[in-house]
file query.cif (mmCIF, C-alpha atoms)
data_protein
loop_
_atom_site.label_atom_id
_atom_site.label_comp_id
_atom_site.auth_asym_id
_atom_site.auth_seq_id
_atom_site.Cartn_x
_atom_site.Cartn_y
_atom_site.Cartn_z
CA MET A 75 30.83 105.12 110.72
CA SER A 76 27.71 106.15 108.88
CA LEU A 77 24.53 104.11 108.74
CA ALA A 78 24.87 103.66 105.01
CA ALA A 79 25.06 100.12 103.59
CA PRO A 80 28.60 98.78 103.25
CA ALA A 81 30.22 99.92 100.04
CA THR A 82 31.64 96.50 99.24
CA VAL A 83 30.94 92.79 99.69
CA THR A 84 33.64 90.19 100.19
CA LEU A 85 32.90 86.71 98.84
CA HIS A 86 34.44 83.28 99.36
CA VAL A 87 34.74 81.78 95.89
CA LEU A 88 35.18 78.03 95.36
CA LEU A 89 36.50 76.60 92.09
CA PHE A 90 36.20 72.96 91.09
CA ALA A 91 37.55 70.48 88.58
CA ARG A 92 38.47 72.15 85.29
CA TYR A 93 37.88 75.64 86.61
CA ALA A 94 40.31 75.08 89.48
CA GLU A 95 42.87 73.94 86.91
CA LEU A 96 42.28 76.99 84.69
CA LEU A 97 42.72 79.43 87.55
CA GLY A 98 45.46 77.43 89.24
CA GLN A 99 43.70 77.52 92.61
CA ASP A 100 40.54 76.22 94.21
CA THR A 101 39.59 79.17 96.39
CA LEU A 102 39.58 82.92 95.86
CA THR A 103 38.55 85.82 98.05
CA VAL A 104 36.94 88.54 95.97
CA THR A 105 35.76 91.97 97.05
CA LEU A 106 33.22 93.73 94.84
CA PRO A 107 31.46 97.09 95.01
CA ALA A 108 27.99 96.69 96.53
CA PRO A 109 25.41 95.85 95.38
CA ALA A 110 26.90 92.87 93.54
CA THR A 111 25.44 89.90 91.69
CA VAL A 112 26.70 86.50 90.64
CA GLY A 113 27.22 87.93 87.16
CA ASP A 114 29.47 90.65 88.57
CA LEU A 115 31.50 88.05 90.43
CA ILE A 116 31.94 85.87 87.35
CA ALA A 117 33.11 88.90 85.38
CA ARG A 118 35.71 89.56 88.06
CA VAL A 119 36.92 85.97 88.08
CA ARG A 120 37.32 86.13 84.29
CA ALA A 121 39.82 88.92 84.85
CA GLU A 122 41.97 86.69 87.08
CA PRO A 123 44.99 84.91 85.55
CA GLY A 124 43.59 81.94 83.63
CA GLY A 125 40.05 83.28 83.90
CA THR A 126 39.68 83.92 80.18
CA GLY A 127 39.42 80.14 79.74
CA LEU A 128 36.03 80.08 81.45
CA PRO A 129 33.14 79.35 79.06
CA ALA A 130 30.58 81.96 78.07
CA ARG A 131 28.08 80.57 80.54
CA VAL A 132 29.19 79.56 84.01
CA LEU A 133 26.94 77.70 86.42
CA ALA A 134 27.10 79.03 89.96
CA ALA A 135 25.76 78.20 93.41
CA VAL A 136 25.42 80.60 96.32
CA ASN A 137 25.51 79.06 99.79
CA LEU A 138 24.91 75.55 98.36
CA VAL A 139 21.94 76.47 96.13
CA GLN A 140 22.10 76.95 92.36
CA ALA A 141 21.95 80.61 91.41
CA SER A 142 21.54 82.75 88.30
CA ASP A 143 23.65 85.65 87.07
CA ALA A 144 21.12 88.02 88.64
CA THR A 145 21.31 86.48 92.13
CA PRO A 146 22.39 89.20 94.57
CA LEU A 147 25.41 88.59 96.79
CA ALA A 148 25.76 89.44 100.46
CA GLU A 149 28.84 89.84 102.64
CA ALA A 150 30.64 86.51 103.25
CA ASP A 151 28.52 84.49 100.82
CA GLU A 152 30.08 81.27 99.56
CA VAL A 153 29.94 81.29 95.77
CA ALA A 154 30.87 78.11 93.91
CA LEU A 155 31.60 78.13 90.19
CA LEU A 156 30.52 74.76 88.80
CA PRO A 157 31.91 73.25 85.60
CA PRO A 158 29.49 71.13 83.54
CA LEU A 159 28.11 68.50 85.91
CA ALA A 160 29.19 64.95 85.14
CA GLY A 161 27.87 62.76 87.94
CA GLY A 162 26.12 59.46 87.45
CA MET B 90 13.20 66.81 81.09
CA LYS B 91 9.59 66.16 82.06
CA TRP B 92 8.38 63.02 83.74
CA PRO B 93 4.75 62.17 84.29
CA SER B 94 3.57 63.49 87.61
CA SER B 95 2.25 61.11 90.16
CA ARG B 96 -1.35 60.11 90.06
CA ARG B 97 -1.38 59.99 93.81
CA SER B 98 -0.49 63.04 95.77
CA ARG B 99 1.38 61.53 98.69
CA ALA B 100 4.23 59.25 99.44
CA ALA B 101 3.52 56.06 101.28
CA GLU B 102 5.00 57.80 104.30
CA PRO B 103 6.94 60.98 104.98
CA VAL B 104 10.61 60.66 104.25
CA SER B 105 12.11 62.38 107.23
CA ASN B 106 15.65 61.12 106.72
CA PRO B 107 16.33 60.59 103.04
CA VAL B 108 19.02 58.03 102.28
CA ALA B 109 21.30 60.08 100.03
CA ARG B 110 25.02 59.61 100.48
CA LEU B 111 28.37 60.31 98.95
CA VAL B 112 30.68 57.39 99.65
CA LEU B 113 34.40 56.83 99.20
CA GLY B 114 34.33 53.03 99.17
CA PRO B 115 32.50 50.41 97.11
CA ILE B 116 28.72 50.71 96.64
CA ASP B 117 26.62 47.73 97.70
CA ALA B 118 23.36 48.08 95.78
CA ALA B 119 21.80 45.05 97.46
CA ALA B 120 22.44 46.55 100.88
CA LEU B 121 20.96 49.83 99.69
CA ALA B 122 17.85 48.03 98.44
CA ALA B 123 17.52 46.32 101.78
CA GLU B 124 17.30 49.74 103.41
CA VAL B 125 14.11 50.59 101.52
CA ALA B 126 12.50 47.12 101.51
CA ARG B 127 9.35 46.58 103.55
CA PRO B 128 6.62 43.95 103.47
CA ASP B 129 4.09 46.31 101.85
CA ARG B 130 6.50 47.36 99.08
CA GLY B 131 6.13 44.72 96.42
CA GLY B 132 8.26 46.40 93.75
CA VAL B 133 11.90 47.34 94.09
CA VAL B 134 13.81 48.83 91.15
CA SER B 135 17.58 49.24 91.34
CA PHE B 136 19.71 51.22 88.91
CA VAL B 137 23.49 50.85 89.15
CA GLY B 138 25.78 52.96 87.01
CA LEU B 139 29.13 51.28 86.31
CA VAL B 140 32.38 52.72 85.05
CA ARG B 141 32.48 52.06 81.30
CA ASP B 142 35.66 51.12 79.44
CA HIS B 143 35.13 53.53 76.56
CA HIS B 144 34.00 57.08 75.83
CA GLY B 145 33.81 58.84 72.50
CA GLY B 146 35.73 56.07 70.77
CA ARG B 147 38.59 56.11 73.27
CA THR B 148 39.56 53.40 75.72
CA VAL B 149 39.07 54.45 79.34
CA ILE B 150 41.25 52.75 81.93
CA ARG B 151 39.98 54.42 85.12
CA LEU B 152 38.37 57.57 86.34
CA GLU B 153 38.10 59.93 89.27
CA TYR B 154 34.98 61.55 90.64
CA SER B 155 35.19 64.73 92.68
CA ALA B 156 32.40 66.84 94.15
CA TYR B 157 31.39 70.02 95.84
CA ALA B 158 30.54 67.70 98.69
CA PRO B 159 28.26 69.77 100.94
CA MET B 160 26.09 70.84 98.00
CA ALA B 161 26.20 67.44 96.33
CA GLU B 162 24.95 65.75 99.47
CA ALA B 163 22.24 68.37 99.98
CA GLU B 164 21.14 68.15 96.35
CA LEU B 165 21.05 64.35 96.45
CA ALA B 166 18.84 64.53 99.53
CA ARG B 167 16.54 67.06 97.87
CA ILE B 168 16.18 64.86 94.79
CA VAL B 169 15.38 61.76 96.83
CA SER B 170 12.89 63.66 98.97
CA GLU B 171 11.17 65.18 95.94
CA ALA B 172 10.72 61.73 94.42
CA GLY B 173 9.17 60.53 97.66
CA GLU B 174 6.65 63.35 97.47
CA ARG B 175 5.85 62.84 93.81
CA TRP B 176 5.48 59.05 93.83
CA PRO B 177 4.18 56.71 96.52
CA ALA B 178 7.68 55.28 96.67
CA ILE B 179 10.74 55.51 98.84
CA VAL B 180 14.06 56.08 97.11
CA ALA B 181 17.65 55.80 98.29
CA ALA B 182 20.75 56.89 96.37
CA GLU B 183 24.52 56.68 96.75
CA HIS B 184 27.24 58.20 94.58
CA ARG B 185 30.86 57.16 94.92
CA LEU B 186 33.76 59.63 94.82
CA GLY B 187 37.48 59.12 94.33
CA SER B 188 39.34 56.80 92.00
CA LEU B 189 37.28 54.07 90.33
CA ALA B 190 38.23 51.14 88.11
CA ILE B 191 36.37 49.84 85.08
CA GLY B 192 33.24 48.00 86.21
CA ASP B 193 33.07 49.68 89.61
CA ALA B 194 29.67 50.96 90.66
CA ALA B 195 29.74 54.76 90.53
CA VAL B 196 26.11 55.41 91.45
CA ALA B 197 23.17 53.40 92.73
CA VAL B 198 19.51 54.34 93.00
CA VAL B 199 16.91 52.04 94.52
CA ALA B 200 13.17 52.72 94.62
CA ALA B 201 10.63 50.66 96.50
CA ALA B 202 6.88 50.98 96.12
CA ALA B 203 3.77 48.91 96.53
CA HIS B 204 3.71 48.36 92.76
CA ARG B 205 6.35 48.28 90.04
CA GLY B 206 5.15 51.26 88.00
CA ASP B 207 5.83 53.78 90.71
CA ALA B 208 9.15 52.14 91.55
CA PHE B 209 10.36 52.28 87.93
CA GLU B 210 9.28 55.88 87.45
CA ALA B 211 10.74 57.13 90.71
CA CYS B 212 14.06 55.35 90.07
CA ARG B 213 14.37 56.73 86.53
CA HIS B 214 13.50 60.22 87.68
CA VAL B 215 16.10 60.21 90.44
CA ILE B 216 19.02 59.02 88.28
CA GLU B 217 18.18 61.63 85.60
CA GLN B 218 18.00 64.37 88.23
CA ILE B 219 21.30 63.26 89.75
CA LYS B 220 22.96 63.67 86.37
CA ALA B 221 21.37 67.08 85.85
CA ARG B 222 21.71 68.66 89.29
CA VAL B 223 24.36 67.17 91.55
CA PRO B 224 27.75 68.97 91.48
CA ILE B 225 30.01 66.02 90.73
CA TRP B 226 32.82 65.95 88.14
CA LYS B 227 34.44 63.08 86.32
CA ARG B 228 38.03 62.91 85.13
CA GLU B 229 38.71 60.13 82.65
CA TYR B 230 42.10 58.48 82.17
CA TYR B 231 42.61 56.96 78.73
CA ALA B 232 44.71 54.08 77.49
CA ASP B 233 46.78 56.51 75.39
CA GLY B 234 47.93 58.31 78.53
CA SER B 235 45.73 61.37 78.12
CA VAL B 236 43.31 62.70 80.72
CA ALA B 237 40.15 64.80 80.34
CA TRP B 238 37.32 66.29 82.36
CA VAL B 239 34.08 64.89 81.01
CA ASP B 240 31.69 67.55 79.73
CA PRO B 241 28.25 66.06 78.99
CA THR B 242 27.15 69.41 77.55
CA ALA B 243 29.81 69.32 74.83
CA ALA B 244 28.78 68.29 71.33
CA ALA B 245 27.69 64.64 71.30
CA GLY B 246 28.75 64.40 74.93
CA ALA B 247 32.09 63.27 73.62
CA ALA B 248 35.42 63.49 75.32
CA PRO B 249 37.60 66.34 74.09
CA ALA B 250 39.45 65.47 70.90
CA ALA B 251 37.52 62.22 70.68
CA ALA B 252 37.39 60.71 67.24
CA GLY B 253 34.53 58.23 67.48
CA GLN B 254 30.86 58.92 68.02
CA GLY B 255 29.08 56.14 69.85
CA PRO B 256 26.26 56.52 72.34
CA SER B 257 27.20 58.95 75.06
CA ARG B 258 25.47 57.23 77.94
#

call {"tool": "encode", "arguments": {"input": "query.cif", "output": "structure tokens"}}
result
Amino acid sequence: MSLAAPATVTLHVLLFARYAELLGQDTLTVTLPAPATVGDLIARVRAEPGGTGLPARVLAAVNLVQASDATPLAEADEVALLPPLAGG
Amino acid sequence: MKWPSSRRSRAAEPVSNPVARLVLGPIDAAALAAEVARPDRGGVVSFVGLVRDHHGGRTVIRLEYSAYAPMAEAELARIVSEAGERWPAIVAAEHRLGSLAIGDAAVAVVAAAAHRGDAFEACRHVIEQIKARVPIWKREYYADGSVAWVDPTAAAGAAPAAAGQGPSR
């Protein structure tokens, strides 16, 4: 093995509520070329069956904290895609 | 949304263990208020959100709340702690998950402070932040047999295909 950074990152993706219905599952494992961002991950999920139903803007959280499209992703991060929040 | 910042810089005491819970059973707001009551806190404000029987002109018969539980609990705790730093008040909050009937308490926020102003402001702030930040979703079941995920960001906050307008919350 070389000392170079890994060429890919593998993410645990969680889908909730309407998004889980659209994709027909509530978890996905996604491997992306490194470096990868939340925006890259969302683009990949859109390419999954049912993924075209996702809205133009998707709220995401990385390891339990809200993230932006530019948030970088590291190996084994937990990325949750959050439909419009409706608590309260 | 901006709320006036506290005139005082510190909470009455550090909130080391914020009371911020997701619960599966009924919410007891009086019991929650009792958890933050203390002899030097002369003002206690409670907000209880109940399941409403209508949305967007349609009759709602029940609903289901689901959550990204680890984040929802963490976010609830952050919100409660932030309020305790911003106001000289102590706040506790519970949100129920699962299947709820009309009139059931879905969320409760209680704020206790030496005086009513801080208690009102802290309570209002926390319920607004819960709505804006906590990853919880609501599925409404209507009298006509249809079902929909509630999207407060949709136009007028209405249920999909809703005909009526009406206040959204």

call {"tool": "closest_atom_pairs", "arguments": {"input": "query.cif", "of": "chain A", "to": "chain B", "cutoff": "9 Å", "atoms": "only C-alpha atoms", "output": "JSON lines"}}
result
{"residue": "A:Leu88", "atom": "CA", "partner": "B:Tyr157", "partner_atom": "CA", "distance": 8.9}
{"residue": "A:Phe90", "atom": "CA", "partner": "B:Tyr157", "partner_atom": "CA", "distance": 7.4}
{"residue": "A:Ala91", "atom": "CA", "partner": "B:Trp226", "partner_atom": "CA", "distance": 6.6}
{"residue": "A:Arg92", "atom": "CA", "partner": "B:Trp238", "partner_atom": "CA", "distance": 6.7}
{"residue": "A:Ala135", "atom": "CA", "partner": "B:Met160", "partner_atom": "CA", "distance": 8.7}
{"residue": "A:Asn137", "atom": "CA", "partner": "B:Met160", "partner_atom": "CA", "distance": 8.4}
{"residue": "A:Leu138", "atom": "CA", "partner": "B:Met160", "partner_atom": "CA", "distance": 4.9}
{"residue": "A:Val139", "atom": "CA", "partner": "B:Met160", "partner_atom": "CA", "distance": 7.2}
{"residue": "A:Gln140", "atom": "CA", "partner": "B:Arg222", "partner_atom": "CA", "distance": 8.8}
{"residue": "A:Ala154", "atom": "CA", "partner": "B:Tyr157", "partner_atom": "CA", "distance": 8.3}
{"residue": "A:Leu156", "atom": "CA", "partner": "B:Pro224", "partner_atom": "CA", "distance": 7.0}
{"residue": "A:Pro157", "atom": "CA", "partner": "B:Trp226", "partner_atom": "CA", "distance": 7.8}
{"residue": "A:Pro158", "atom": "CA", "partner": "B:Asp240", "partner_atom": "CA", "distance": 5.7}
{"residue": "A:Leu159", "atom": "CA", "partner": "B:Pro224", "partner_atom": "CA", "distance": 5.6}
{"residue": "A:Ala160", "atom": "CA", "partner": "B:Trp226", "partner_atom": "CA", "distance": 4.8}
{"residue": "A:Gly161", "atom": "CA", "partner": "B:Ile225", "partner_atom": "CA", "distance": 4.8}
{"residue": "A:Gly162", "atom": "CA", "partner": "B:Lys220", "partner_atom": "CA", "distance": 5.4}

call {"tool": "residues_around", "arguments": {"input": "query.cif", "residues": "Asp142 (chain B)", "least_positions_apart": "5", "cutoff": "6 Å", "atoms": "all atoms listed in the file", "output": "list in words"}}
result
Thr148, Val149 and Ile191 of chain B

call {"tool": "write_last_selection", "arguments": {"input": "query.cif", "atoms": "C-alpha atoms", "output": "CSV table (one decimal), in the frame of the given file"}}
result
chain,number,residue,atom,x,y,z
B,148,THR,CA,39.6,53.4,75.7
B,149,VAL,CA,39.1,54.4,79.3
B,191,ILE,CA,36.4,49.8,85.1

call {"tool": "atom_distance", "arguments": {"input": "query.cif", "atom1": "CA of Ile116 (chain A)", "atom2": "CA of Leu96 (chain A)"}}
result
13.9 Å

call {"tool": "resolve_selection", "arguments": {"input": "query.cif", "expression": "the PyMOL selection byres ((chain B and resi 143) around 10)", "output": "list in words"}}
result
Val140, Arg141, Asp142, His144, Gly145, Gly146, Arg147, Thr148, Val149, Ile150, Arg151, Ile191, Glu229, Tyr231, Ala232, Gly255 and Ser257 of chain B

call {"tool": "atom_distance", "arguments": {"input": "query.cif", "atom1": "CA of Gly113 (chain A)", "atom2": "CA of Ala94 (chain A)"}}
result
18.5 Å

call {"tool": "residues_around", "arguments": {"input": "query.cif", "residues": "Ala81 (chain A)", "least_positions_apart": "2", "cutoff": "7 Å", "atoms": "all atoms listed in the file", "output": "list in words"}}
result
Ala79, Pro107 and Ala108 of chain A

call {"tool": "residues_around", "arguments": {"input": "query.cif", "residues": "Ser142 (chain A)", "least_positions_apart": "4", "cutoff": "12 Å", "atoms": "all atoms listed in the file", "output": "ChimeraX atom specification"}}
result
/A:111-116,131-136,146-147,153-155

call {"tool": "resolve_selection", "arguments": {"input": "query.cif", "expression": "the PyMOL selection byres ((chain A and resi 97-104) around 6)", "output": "ChimeraX atom specification"}}
result
/A:84-89,94-96,105,124-125

call {"tool": "write_last_selection", "arguments": {"input": "query.cif", "atoms": "C-alpha atoms", "output": "CSV table (one decimal), keeping the file's coordinate frame"}}
result
chain,number,residue,atom,x,y,z
A,84,THR,CA,33.6,90.2,100.2
A,85,LEU,CA,32.9,86.7,98.8
A,86,HIS,CA,34.4,83.3,99.4
A,87,VAL,CA,34.7,81.8,95.9
A,88,LEU,CA,35.2,78.0,95.4
A,89,LEU,CA,36.5,76.6,92.1
A,94,ALA,CA,40.3,75.1,89.5
A,95,GLU,CA,42.9,73.9,86.9
A,96,LEU,CA,42.3,77.0,84.7
A,105,THR,CA,35.8,92.0,97.0
A,124,GLY,CA,43.6,81.9,83.6
A,125,GLY,CA,40.0,83.3,83.9

call {"tool": "closest_residue", "arguments": {"input": "query.cif", "among": "B:Val236, B:Tyr230, B:Val134, B:Arg175", "to": "Arg205 (chain B)", "atoms": "all atoms listed in the file"}}
result
B:Val134

call {"tool": "atom_distance", "arguments": {"input": "query.cif", "atom1": "CA of Val83 (chain A)", "atom2": "CA of Arg118 (chain A)"}}
result
13.0 Å

call {"tool": "resolve_selection", "arguments": {"input": "query.cif", "expression": "the PyMOL selection byres ((chain B and resi 106-112) around 9)", "output": "number ranges by chain"}}
result
B: 103-105, 113-116, 121, 124-125, 158, 161-170, 173, 179-187

call {"tool": "residues_around", "arguments": {"input": "query.cif", "residues": "Arg127 (chain B)", "least_positions_apart": "3", "cutoff": "10 Å", "atoms": "all atoms listed in the file", "output": "MDAnalysis selection string"}}
result
chainID B and resid 123:124 130:133 201:203

call {"tool": "closest_residue", "arguments": {"input": "query.cif", "among": "B:Ala172, B:Leu152, B:Ala118, B:Ala178", "to": "Gly206 (chain B)", "atoms": "only C-alpha atoms"}}
result
B:Ala178
